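Undergrad: To be precise about what I am sending: the file is called structure_8.cif and holds mmCIF, C-alpha atoms.
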data_run
loop_
_atom_site.label_atom_id
_atom_site.label_comp_id
_atom_site.auth_asym_id
_atom_site.auth_seq_id
_atom_site.Cartn_x
_atom_site.Cartn_y
_atom_site.Cartn_z
CA MET A 141 104.51 84.50 89.70
CA SER A 142 102.50 85.12 92.83
CA ASP A 143 100.42 87.54 94.78
CA SER A 144 102.40 90.50 96.03
CA ALA A 145 101.97 93.55 98.20
CA ASN A 146 103.64 96.94 98.26
CA PHE A 147 105.69 97.95 101.32
CA ASN A 148 107.53 101.23 101.76
CA PHE A 149 110.52 100.26 103.89
CA LEU A 150 112.10 97.49 105.95
CA ASP A 151 111.93 97.59 109.74
CA ASP A 152 112.11 95.13 112.65
CA SER A 153 108.67 93.60 111.91
CA TYR A 154 108.31 90.94 109.24
CA LYS A 155 106.63 91.87 105.94
CA TYR A 156 104.99 88.74 104.50
CA GLN A 157 103.95 87.94 100.94
CA ALA A 158 102.86 84.84 99.07
CA LEU A 159 105.40 83.11 96.83
CA ASN A 160 104.88 80.11 94.53
CA ILE A 161 107.63 77.52 94.45
CA SER A 162 107.20 74.50 92.18
CA GLY A 163 103.42 74.91 92.21
CA SER A 164 103.16 75.19 96.01
CA LYS A 165 102.30 78.35 97.90
CA PHE A 166 104.75 79.64 100.50
CA LEU A 167 105.08 82.69 102.70
CA ILE A 168 108.17 84.84 102.31
CA GLY A 169 108.88 87.27 105.13
CA VAL A 170 111.54 89.97 105.42
CA CYS A 171 112.63 92.22 108.28
CA LYS A 172 115.62 94.40 109.17
CA LYS A 173 117.17 94.12 112.63
CA ASN A 174 120.46 95.65 113.82
CA GLY A 175 121.53 96.36 110.24
CA SER A 176 120.95 92.77 109.05
CA ARG A 177 118.15 91.51 106.81
CA ASN A 178 116.40 88.36 107.89
CA ILE A 179 114.49 86.39 105.26
CA ILE A 180 112.16 83.54 106.21
CA LEU A 181 110.41 81.13 103.85
CA THR A 182 107.69 78.81 105.14
CA ASN A 183 104.62 76.78 104.22
CA LEU A 184 103.66 76.99 107.94
CA LYS A 185 105.14 73.54 108.41
CA ASP A 186 108.77 73.77 107.32
CA PHE A 187 110.91 76.90 107.76
CA TYR A 188 113.90 78.18 105.80
CA GLU A 189 115.88 81.35 106.46
CA GLU A 190 118.93 83.47 105.73
CA ASN A 191 120.34 86.27 107.84
CA ILE A 192 122.14 88.74 105.56
CA SER A 193 124.51 91.28 107.10
CA LYS A 194 125.63 94.48 105.42
CA GLU A 195 129.00 92.90 104.66
CA ILE A 196 127.36 89.91 102.94
CA ILE A 197 125.18 92.23 100.85
CA VAL A 198 128.20 94.24 99.67
CA SER A 199 130.31 91.13 98.99
CA ARG A 200 127.51 89.32 97.14
CA CYS A 201 126.70 92.36 95.04
CA GLN A 202 130.39 92.78 94.10
CA ASP A 203 130.45 89.20 92.81
CA LEU A 204 127.12 89.41 90.95
CA ASN A 205 127.20 93.07 89.86
CA PRO A 206 130.76 94.40 89.50
CA ALA A 207 129.48 97.31 87.38
CA PHE A 208 127.49 98.68 90.34
CA GLU A 209 130.42 99.39 92.69
CA GLU A 210 129.61 103.10 92.86
CA TYR A 211 125.93 102.49 93.73
CA ASN A 212 124.30 102.22 97.15
CA VAL A 213 123.76 98.47 96.87
CA GLU A 214 122.13 98.26 100.31
CA GLU A 215 119.29 100.48 99.17
CA ILE A 216 118.92 98.54 95.91
CA VAL A 217 118.81 95.19 97.73
CA ASP A 218 116.28 96.51 100.26
CA ASN A 219 113.98 97.54 97.39
CA LEU A 220 114.27 94.03 95.95
CA LEU A 221 113.59 92.36 99.31
CA LEU A 222 110.48 94.50 99.85
CA ASN A 223 108.85 92.81 96.85
CA ILE A 224 110.52 89.45 96.37
CA PRO A 225 107.62 87.89 94.38
CA LYS A 226 107.90 90.68 91.80
CA TYR A 227 111.65 90.35 91.23
CA ALA A 228 112.06 86.58 91.72
CA THR A 229 113.11 84.80 88.52
CA THR A 230 114.10 81.40 89.93
CA CYS A 231 112.78 79.97 93.20
CA SER A 232 113.67 76.86 95.16
CA LEU A 233 113.88 75.89 98.83
CA ASP A 234 117.63 76.48 98.64
CA GLN A 235 117.92 79.69 96.66
CA ILE A 236 115.80 82.57 95.34
CA GLU A 237 117.29 84.58 92.48
CA LEU A 238 116.18 88.20 92.17
CA GLU A 239 116.64 90.37 89.10
CA SER A 240 115.93 94.04 88.44
CA LYS A 241 116.77 96.64 85.80
CA ILE A 242 118.65 99.74 86.92
CA ASP A 243 119.84 102.41 84.46
CA ASP A 244 119.33 99.99 81.53
CA ALA A 245 121.54 97.39 83.23
CA ARG A 246 120.62 94.12 84.95
CA PHE A 247 121.07 93.85 88.71
CA TRP A 248 121.06 90.43 90.38
CA PHE A 249 120.86 89.29 93.96
CA HIS A 250 120.59 85.78 95.45
CA ILE A 251 118.98 84.64 98.71
CA ASN A 252 120.62 81.44 99.97
CA LEU A 253 118.25 79.56 102.27
CA LYS A 254 118.85 76.89 104.91
CA GLN A 255 116.24 74.91 106.82
CA CYS A 256 115.85 76.06 110.42
CA ASN A 257 114.03 75.21 113.63
CA PRO A 258 110.39 76.37 113.40
CA GLN A 259 110.30 77.03 117.15
CA LYS A 260 112.24 80.21 116.47
CA PHE A 261 109.26 81.72 114.69
CA ASN A 262 106.29 79.88 116.19
CA GLU A 263 106.04 82.15 119.23
CA SER A 264 105.84 85.36 117.18
CA LEU A 265 103.37 83.82 114.73
CA LEU A 266 101.13 82.50 117.51
CA GLU A 267 101.17 85.87 119.23
CA ILE A 268 99.93 87.53 116.03
CA PHE A 269 97.13 84.99 115.65
CA PHE A 270 96.05 85.18 119.29
CA THR A 271 95.97 88.99 119.40
CA SER A 272 94.10 89.16 116.09
CA PHE A 273 91.62 86.47 117.13
CA TYR A 274 90.96 88.19 120.45
CA GLU A 275 90.30 91.50 118.70
CA LEU A 276 88.01 89.88 116.12
CA TYR A 277 86.09 87.99 118.80
CA ASN A 278 85.61 91.21 120.76
CA ARG A 279 84.34 93.03 117.67
CA TYR A 280 82.06 90.09 116.82
CA ASN A 281 80.37 90.35 120.23
CA GLN A 282 80.01 94.11 119.93
CA LEU A 283 78.56 93.80 116.43
CA THR A 284 75.95 91.21 117.46
CA ASN A 285 74.91 93.45 120.36
CA ILE A 286 74.49 96.36 117.98
CA VAL A 287 72.31 94.25 115.67
CA TYR A 288 70.16 93.15 118.63
CA GLN A 289 69.70 96.79 119.64
CA LYS A 290 68.70 97.68 116.08
CA ASP A 291 66.08 94.92 116.11
CA ARG A 292 64.63 96.28 119.36
CA GLU A 293 64.60 99.76 117.86
CA ILE A 294 62.71 98.49 114.80
CA GLU A 295 60.18 96.74 117.06
CA GLU A 296 59.54 100.07 118.81
CA TYR A 297 58.87 101.75 115.49
CA LYS A 298 56.48 98.98 114.49
CA ALA A 299 54.64 99.25 117.81
CA GLU A 300 54.07 102.94 117.09
CA GLY A 301 52.50 102.07 113.73
CA ILE A 302 55.40 103.13 111.53
CA LYS A 303 55.64 101.10 108.29
CA LEU A 304 58.30 100.94 105.60
CA LEU A 305 57.32 102.28 102.18
CA ARG A 306 59.60 99.79 100.39
CA ASN A 307 59.12 96.09 101.13
CA SER A 308 62.57 95.36 99.71
CA MET A 309 64.09 96.95 102.83
CA ILE A 310 62.32 94.59 105.24
CA THR A 311 64.74 92.19 106.98
CA GLU A 312 64.28 89.16 109.18
CA LYS A 313 64.91 89.45 112.89
CA PHE A 314 68.52 88.66 113.73
CA SER A 315 69.23 85.20 115.11
CA LYS A 316 72.67 84.43 116.51
CA GLU A 317 72.06 80.69 116.09
CA VAL A 318 71.30 81.09 112.37
CA PHE A 319 74.27 83.43 111.98
CA GLU A 320 76.68 80.90 113.51
CA THR A 321 75.35 77.82 111.69
CA LYS A 322 73.77 78.57 108.32
CA LEU A 323 76.04 81.50 107.44
CA LYS A 324 79.37 79.81 108.19
CA ASN A 325 82.17 79.87 105.60
CA ASP A 326 82.08 76.83 103.29
CA LYS A 327 85.10 77.82 101.20
CA PRO A 328 88.19 75.56 101.33
CA LEU A 329 90.83 76.69 103.80
CA ASP A 330 93.87 78.36 102.27
CA LYS A 331 96.26 78.73 105.21
CA ILE A 332 98.64 81.06 103.39
CA ASN A 333 95.87 83.48 102.42
CA VAL A 334 94.36 83.31 105.92
CA PHE A 335 97.77 84.15 107.37
CA LEU A 336 98.18 87.14 105.05
CA GLU A 337 94.66 88.37 105.89
CA VAL A 338 95.42 88.08 109.61
CA MET A 339 98.71 89.96 109.12
CA ASN A 340 96.97 92.74 107.20
CA TYR A 341 94.23 92.96 109.85
CA ASN A 342 96.79 93.00 112.66
CA LYS A 343 98.75 95.74 110.91
CA THR A 344 95.59 97.83 110.36
CA ALA A 345 94.48 97.38 113.98
CA LYS A 346 97.90 98.53 115.22
CA GLN A 347 97.82 101.58 112.93
CA ILE A 348 94.33 102.54 114.19
CA ALA A 349 95.41 102.10 117.82
CA LYS A 350 98.51 104.23 117.17
CA LEU A 351 96.42 107.00 115.59
CA GLU A 352 93.99 106.92 118.54
CA VAL A 353 96.86 107.28 121.01
CA GLN A 354 98.33 110.15 118.97
CA ASP A 355 94.93 111.86 118.89
CA VAL A 356 94.57 111.58 122.68
CA GLU A 357 98.11 112.89 123.21
CA LYS A 358 97.43 115.77 120.83
CA LYS A 359 94.29 116.74 122.76
CA ASP A 360 96.22 116.65 126.03
CA ILE A 361 98.95 118.90 124.61
CA GLU A 362 96.69 121.46 122.90
CA PRO A 363 96.06 124.50 125.17
CA LYS A 364 92.46 125.21 126.09
CA ILE A 365 91.70 128.75 124.91
CA THR A 366 88.66 130.47 126.38
CA THR A 367 87.45 133.89 125.31
CA LYS A 368 84.54 136.10 126.26
CA ASN A 369 82.88 135.33 122.94
CA SER A 370 83.25 131.59 123.33
CA SER A 371 81.81 131.66 126.87
CA LYS A 372 78.85 133.68 125.62
CA ARG A 373 78.23 131.19 122.84
CA LYS A 374 78.31 128.26 125.24
CA SER A 375 75.74 129.85 127.54
CA SER A 376 73.55 131.02 124.67
CA CYS A 377 69.86 130.07 124.87
CA VAL A 378 69.98 129.09 121.20
CA LEU A 379 72.33 126.21 122.05
CA ARG A 380 70.49 125.16 125.21
CA CYS A 381 66.96 124.91 123.83
CA ALA A 382 65.00 124.59 120.63
CA VAL A 383 62.94 127.78 121.02
CA PRO A 384 63.60 130.31 118.20
CA PRO A 385 65.60 133.40 119.25
CA THR A 386 62.74 135.79 118.35
CA LYS A 387 60.36 134.04 120.75
CA LEU A 388 63.01 134.03 123.45
CA SER A 389 63.59 137.77 123.11
CA ARG A 390 59.87 138.47 123.24
CA ALA A 391 59.45 136.28 126.32
CA SER A 392 62.37 137.98 128.05
CA ASN A 393 60.93 141.41 127.22
CA ILE A 394 57.55 140.44 128.70
CA GLN A 395 59.23 139.13 131.85
CA ASN A 396 61.28 142.32 132.19
CA THR A 397 58.14 144.45 131.73
CA LYS A 398 56.24 142.50 134.40
CA LYS A 399 59.21 142.79 136.72
CA ALA A 400 59.34 146.55 136.20
CA GLU A 401 55.61 146.88 136.79
CA PHE A 402 55.89 144.88 140.04
CA GLN A 403 58.70 147.07 141.27
CA LEU A 404 56.62 150.18 140.59
#
Here is a file; write its structure as structure tokens.
TA:
Amino acid sequence: MSDSANFNFLDDSYKYQALNISGSKFLIGVCKKNGSRNIILTNLKDFYEENISKEIIVSRCQDLNPAFEEYNVEEIVDNLLLNIPKYATTCSLDQIELESKIDDARFWFHINLKQCNPQKFNESLLEIFFTSFYELYNRYNQLTNIVYQKDREIEEYKAEGIKLLRNSMITEKFSKEVFETKLKNDKPLDKINVFLEVMNYNKTAKQIAKLEVQDVEKKDIEPKITTKNSSKRKSSCVLRCAVPPTKLSRASNIQNTKKAEFQL
């Protein structure tokens, strides 16, 4: 029915996926806050939502699935909400019907949507776009600087007479003007896909930042162990210079001999 993504669990940040309704592409987002599940449907112009409490989930499941009274319906519903495009059988701007098979029996759940004020979500969406854009712009500048440095490095090699053996590896000198004009994206803009790409990028960037913080904290916590062997290795001549150990030992022997002779 639509593109979908796999999420592991619901938390207080929205998980977005693409959902087709009557031939039009929408975003469907789900999060879990204070025990309630909030579902938002939008085409980035109009917004629809439902806030589902635990009591509503239990009551709705009792009406739709009386045979599942002994089951943990909250967990079942959460699994459905994590991948709405996969389990959606009927979709409209008013209601999305979900269906799954559990122990050879059908399990149904309905999401009842109502149009809402977009201002409620605009601030969080804009924050995601601004933070992602700022990070991408920063990386763009760093990347162009790296390419410029590589060009200067290649020029140094050429000045020293070094030539490539394979002509297929020769590249033109980088031009920022060409990069920003001739290499621009000519594909038609799909706002829903762009939004999902930004969300995925933002999520990845946050995960990387979290891992970096954890790595720094781990290094701060780990005790610094120093031993006699480790101190000897650090001060070893083998690590401090490129002269082979045999030559070093010979040189030291000669110096010791001369020193002994001088003392005599």
Undergrad: For Val217 in chain A, work out the shell of residues within 9 Å, counting all atoms listed in the file and skipping chain neighbours fewer than 5 positions away, then give it as a ChimeraX atom specification.
TA: /A:197,201,212,222,249
Undergrad: Take the residues from that selection and put them in a file with C-alpha atoms, as a PDB file, in the coordinates of the input.
TA:
ATOM      1  CA  ILE A 197     125.180  92.230 100.850  1.00  0.00           C
ATOM      2  CA  CYS A 201     126.700  92.360  95.040  1.00  0.00           C
ATOM      3  CA  ASN A 212     124.300 102.220  97.150  1.00  0.00           C
ATOM      4  CA  LEU A 222     110.480  94.500  99.850  1.00  0.00           C
ATOM      5  CA  PHE A 249     120.860  89.290  93.960  1.00  0.00           C
TER       6      PHE A 249
END
Undergrad: Pick out the closest residue to Glu214 in chain A from this set: A:Ser240, A:Asn191, A:Ser308, A:Ser176. Count all atoms listed in the file.
TA: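 Checking each candidate against Glu214 in chain A, we get A:Ser176 as the closest.
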Undergrad: Could you write out as a list in words the residues that the PyMOL selection byres ((chain A and resi 331) around 12) matches in the shown file?
TA: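 Matching residues under the PyMOL selection byres ((chain A and resi 331) around 12) are Ala158, Lys165, Phe166, Leu167, Thr182, Asn183, Leu184, Lys185, Lys327, Pro328, Leu329, Asp330, Ile332, Asn333, Val334, Phe335, Leu336, Glu337 and Val338 of chain A.
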Undergrad: Would you export the selected residues with C-alpha atoms as a PDB file, in the frame of the given file, please?
TA:
ATOM      1  CA  ALA A 158     102.860  84.840  99.070  1.00  0.00           C
ATOM      2  CA  LYS A 165     102.300  78.350  97.900  1.00  0.00           C
ATOM      3  CA  PHE A 166     104.750  79.640 100.500  1.00  0.00           C
ATOM      4  CA  LEU A 167     105.080  82.690 102.700  1.00  0.00           C
ATOM      5  CA  THR A 182     107.690  78.810 105.140  1.00  0.00           C
ATOM      6  CA  ASN A 183     104.620  76.780 104.220  1.00  0.00           C
ATOM      7  CA  LEU A 184     103.660  76.990 107.940  1.00  0.00           C
ATOM      8  CA  LYS A 185     105.140  73.540 108.410  1.00  0.00           C
ATOM      9  CA  LYS A 327      85.100  77.820 101.200  1.00  0.00           C
ATOM     10  CA  PRO A 328      88.190  75.560 101.330  1.00  0.00           C
ATOM     11  CA  LEU A 329      90.830  76.690 103.800  1.00  0.00           C
ATOM     12  CA  ASP A 330      93.870  78.360 102.270  1.00  0.00           C
ATOM     13  CA  ILE A 332      98.640  81.060 103.390  1.00  0.00           C
ATOM     14  CA  ASN A 333      95.870  83.480 102.420  1.00  0.00           C
ATOM     15  CA  VAL A 334      94.360  83.310 105.920  1.00  0.00           C
ATOM     16  CA  PHE A 335      97.770  84.150 107.370  1.00  0.00           C
ATOM     17  CA  LEU A 336      98.180  87.140 105.050  1.00  0.00           C
ATOM     18  CA  GLU A 337      94.660  88.370 105.890  1.00  0.00           C
ATOM     19  CA  VAL A 338      95.420  88.080 109.610  1.00  0.00           C
TER      20      VAL A 338
END
Undergrad: Do you know which residues the PyMOL selection byres ((chain A and resi 259-276) around 12) returns on this file, as a PDB file with C-alpha atoms, in the coordinates of the input?
TA:
ATOM      1  CA  SER A 153     108.670  93.600 111.910  1.00  0.00           C
ATOM      2  CA  TYR A 154     108.310  90.940 109.240  1.00  0.00           C
ATOM      3  CA  TYR A 156     104.990  88.740 104.500  1.00  0.00           C
ATOM      4  CA  GLY A 169     108.880  87.270 105.130  1.00  0.00           C
ATOM      5  CA  ASN A 178     116.400  88.360 107.890  1.00  0.00           C
ATOM      6  CA  ILE A 179     114.490  86.390 105.260  1.00  0.00           C
ATOM      7  CA  ILE A 180     112.160  83.540 106.210  1.00  0.00           C
ATOM      8  CA  LEU A 181     110.410  81.130 103.850  1.00  0.00           C
ATOM      9  CA  THR A 182     107.690  78.810 105.140  1.00  0.00           C
ATOM     10  CA  LEU A 184     103.660  76.990 107.940  1.00  0.00           C
ATOM     11  CA  LYS A 185     105.140  73.540 108.410  1.00  0.00           C
ATOM     12  CA  ASP A 186     108.770  73.770 107.320  1.00  0.00           C
ATOM     13  CA  PHE A 187     110.910  76.900 107.760  1.00  0.00           C
ATOM     14  CA  TYR A 188     113.900  78.180 105.800  1.00  0.00           C
ATOM     15  CA  GLU A 189     115.880  81.350 106.460  1.00  0.00           C
ATOM     16  CA  GLN A 255     116.240  74.910 106.820  1.00  0.00           C
ATOM     17  CA  CYS A 256     115.850  76.060 110.420  1.00  0.00           C
ATOM     18  CA  ASN A 257     114.030  75.210 113.630  1.00  0.00           C
ATOM     19  CA  PRO A 258     110.390  76.370 113.400  1.00  0.00           C
ATOM     20  CA  TYR A 277      86.090  87.990 118.800  1.00  0.00           C
ATOM     21  CA  ASN A 278      85.610  91.210 120.760  1.00  0.00           C
ATOM     22  CA  ARG A 279      84.340  93.030 117.670  1.00  0.00           C
ATOM     23  CA  TYR A 280      82.060  90.090 116.820  1.00  0.00           C
ATOM     24  CA  ASN A 281      80.370  90.350 120.230  1.00  0.00           C
ATOM     25  CA  GLN A 282      80.010  94.110 119.930  1.00  0.00           C
ATOM     26  CA  LEU A 283      78.560  93.800 116.430  1.00  0.00           C
ATOM     27  CA  VAL A 334      94.360  83.310 105.920  1.00  0.00           C
ATOM     28  CA  PHE A 335      97.770  84.150 107.370  1.00  0.00           C
ATOM     29  CA  LEU A 336      98.180  87.140 105.050  1.00  0.00           C
ATOM     30  CA  GLU A 337      94.660  88.370 105.890  1.00  0.00           C
ATOM     31  CA  VAL A 338      95.420  88.080 109.610  1.00  0.00           C
ATOM     32  CA  MET A 339      98.710  89.960 109.120  1.00  0.00           C
ATOM     33  CA  ASN A 340      96.970  92.740 107.200  1.00  0.00           C
ATOM     34  CA  TYR A 341      94.230  92.960 109.850  1.00  0.00           C
ATOM     35  CA  ASN A 342      96.790  93.000 112.660  1.00  0.00           C
ATOM     36  CA  LYS A 343      98.750  95.740 110.910  1.00  0.00           C
ATOM     37  CA  THR A 344      95.590  97.830 110.360  1.00  0.00           C
ATOM     38  CA  ALA A 345      94.480  97.380 113.980  1.00  0.00           C
ATOM     39  CA  LYS A 346      97.900  98.530 115.220  1.00  0.00           C
ATOM     40  CA  ALA A 349      95.410 102.100 117.820  1.00  0.00           C
TER      41      ALA A 349
END
Undergrad: Using all atoms listed in the file, pick whichever of A:Asp203, A:Asp291, A:Asp234, A:Glu296 has the shortest atom-to-atom distance to Phe247 in chain A.
TA: A:Asp203
Undergrad: Kindly give the distance, in Å, that separates CA of Ile286 in chain A and CA of Met309 in chain A, rounded to a single decimal.
TA: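 Taking CA of Ile286 in chain A and CA of Met309 in chain A, their separation equals 18.4 Å.
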Undergrad: Taking the file as shown, what set of residues would the PyMOL selection byres ((chain A and resi 224) around 12) give back, as a PyMOL selection string?
TA: chain A and resi 141-147+155-160+167-170+179-181+217-223+225-231+236-240+249-251
Undergrad: Have a look at CA of Leu233 in chain A and CA of Glu215 in chain A and let me know their distance in Å, one decimal.
TA: 25.2 Å
Undergrad: In Å, how far is it from CA of Thr311 in chain A to CA of Lys324 in chain A?
TA: 19.2 Å
Undergrad: Restricting the calculation to all atoms listed in the file, which member of A:Ile302, A:Asn307, A:Asn252, A:Ser315 is positioned closest to Gln235 in chain A?
TA: A:Asn252
Undergrad: Residues within 12 Å of Gln202 in chain A, please, as a ChimeraX atom specification. Count all atoms listed in the file; anything in the same chain fewer than 3 positions from it doesn't count.
TA: /A:195-199,205-214,247-249
